[in-house]
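Trainee: Sharing a structure below in structure tokens format, with a few things to ask.
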Amino acid sequence: MDPRQAPPYVPLRGHPLTDDEFREREASTAWAPRLEYAWDAGIAISRFLEGLGQGAIYGVRCRRCGRTVTPPRAFCELDFKPMDEWVKLPETGTINTFSICYVTWDMKPLRVPQIPAVIEIDGTSPRVGFLHLVGGVRGRTVDQIRRQVRVGMPVRAVWKPPAKREGAITDILYFAPVRKRA
Ligand SMILES: [Zn+2]
């Protein structure tokens with residue numbers, strides 16, 4: 001077959017549902033797959049995750065353009081040079097942008113909203129940040145939260161206890177607003 005040619009379209013055979021089945025979800029099936037897999041995070045992210053397990057945020061610096069980024073990456077995407085100069089960063093940063101979320105990623109309603117935010121860690125280059133959560137904020141309504149959280153606000157990482165860390169981004173529970181920098 002010509003590799004440039006798309007494979008033929010084969011319509012999937014559906015299962016007709018009655019209105020009652022559709023509404024009562026009797027026809028839906030629960031599939032609990034048994035899947036085992038291994039995933040290699042790569043050199044840069046592996047070291048980043050190990051650092052989180054030890055309560056530290058690491059970044060890398062590009063020797064050519066001088067940018068410092070976290071999460072670390074193996075190569076600078078601007079000049080394609082290896083980023084192999086490791087930098088231990090502070091656990092403080094700034095909220096670049098945030099949202100107030102009343103549903104989980106799979107659309108379950110939340111009574112206490114989550115506040116996903118892009119956090120720029122101090123010591124990194126401008127417009128370098130990662131997605132995490134803002135926490136330690138009282139209130140549930142948009143107005144209550146917006147009185148306490150704003151773009152440009154300084155935050156500090158709140159960590160899991162050392163014994164419960166597992167080398168994951170969730171070793172940081174959330175970033176809490178700080179009134180004064182240490
Ligand atoms: Zn660079």
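Labels for the structure tokens follow display order: chains A, B, ..., residues from 1 in each chain, ligands from 1.
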Neighbours of segment 147-156 of chain A within 7 Å (only C-alpha atoms; same-chain residues fewer than 3 positions away dropped), as a list in words?

Mentor: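 Skipping anything fewer than 3 positions along the chain leaves Glu91, Thr92, Gly93, Thr94, Ile95, Asn96, Thr97, Val137, Asp143, Gln144, Phe175, Ala176, Pro177 and Val178 of chain A.
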
Trainee: Find the nearest atom pair between each residue of chain A and ligand 1 for residues within 7 Å, count only C-alpha atoms and all ligand atoms, give distances in Å to one decimal, sort rows by chain and ascending number, and present the table as JSON lines.

Mentor:
```
{"residue": "A:Cys62", "atom": "CA", "partner": "ligand 1", "partner_atom_place_in_ligand_line": "1 (Zn)", "distance": 4.6}
{"residue": "A:Arg63", "atom": "CA", "partner": "ligand 1", "partner_atom_place_in_ligand_line": "1 (Zn)", "distance": 6.7}
{"residue": "A:Arg64", "atom": "CA", "partner": "ligand 1", "partner_atom_place_in_ligand_line": "1 (Zn)", "distance": 5.1}
{"residue": "A:Cys65", "atom": "CA", "partner": "ligand 1", "partner_atom_place_in_ligand_line": "1 (Zn)", "distance": 4.0}
{"residue": "A:Gly66", "atom": "CA", "partner": "ligand 1", "partner_atom_place_in_ligand_line": "1 (Zn)", "distance": 6.2}
{"residue": "A:Arg67", "atom": "CA", "partner": "ligand 1", "partner_atom_place_in_ligand_line": "1 (Zn)", "distance": 6.0}
{"residue": "A:Cys76", "atom": "CA", "partner": "ligand 1", "partner_atom_place_in_ligand_line": "1 (Zn)", "distance": 4.6}
{"residue": "A:Glu77", "atom": "CA", "partner": "ligand 1", "partner_atom_place_in_ligand_line": "1 (Zn)", "distance": 6.8}
{"residue": "A:Leu78", "atom": "CA", "partner": "ligand 1", "partner_atom_place_in_ligand_line": "1 (Zn)", "distance": 5.3}
{"residue": "A:Asp79", "atom": "CA", "partner": "ligand 1", "partner_atom_place_in_ligand_line": "1 (Zn)", "distance": 4.9}
{"residue": "A:Phe80", "atom": "CA", "partner": "ligand 1", "partner_atom_place_in_ligand_line": "1 (Zn)", "distance": 6.8}
{"residue": "A:Lys81", "atom": "CA", "partner": "ligand 1", "partner_atom_place_in_ligand_line": "1 (Zn)", "distance": 6.3}
```

Trainee: Nearest to Ala168 of chain A: which of A:Val103, A:Leu89, A:Ile57, A:Ala32 is it, counting only C-alpha atoms?

Mentor: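 Residue with the minimum atom-to-atom distance to Ala168 of chain A: A:Ile57.
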
Trainee: With DSSP run on the backbone, what are the strand (DSSP E) residues within chain A? I'd like them as a ChimeraX atom specification.

Mentor: /A:57-61,68-69,85-89,92-98,101-103,109-121,130-134,154-159,172-177

Trainee: Please identify every residue of segment 77-103 of chain A that has at least one atom no farther than 9 Å from an atom of segment 34-51 of chain A, counting only C-alpha atoms, and for each give the shortest atom pair and the distance in Å to one decimal, arranged by chain then increasing number, as a tab-separated table.

Mentor:
```
residue	atom	partner	partner_atom	distance
A:Met83	CA	A:Ala44	CA	8.9
A:Asp84	CA	A:Ala44	CA	8.5
A:Lys88	CA	A:Gly51	CA	8.9
```

Trainee: Rank nothing, just name the residue among A:Arg140, A:Arg61, A:Gly55, A:Tyr102 nearest to Pro161 of chain A, using only C-alpha atoms.

Mentor: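 Ranked by minimum distance to Pro161 of chain A, first place goes to A:Gly55.
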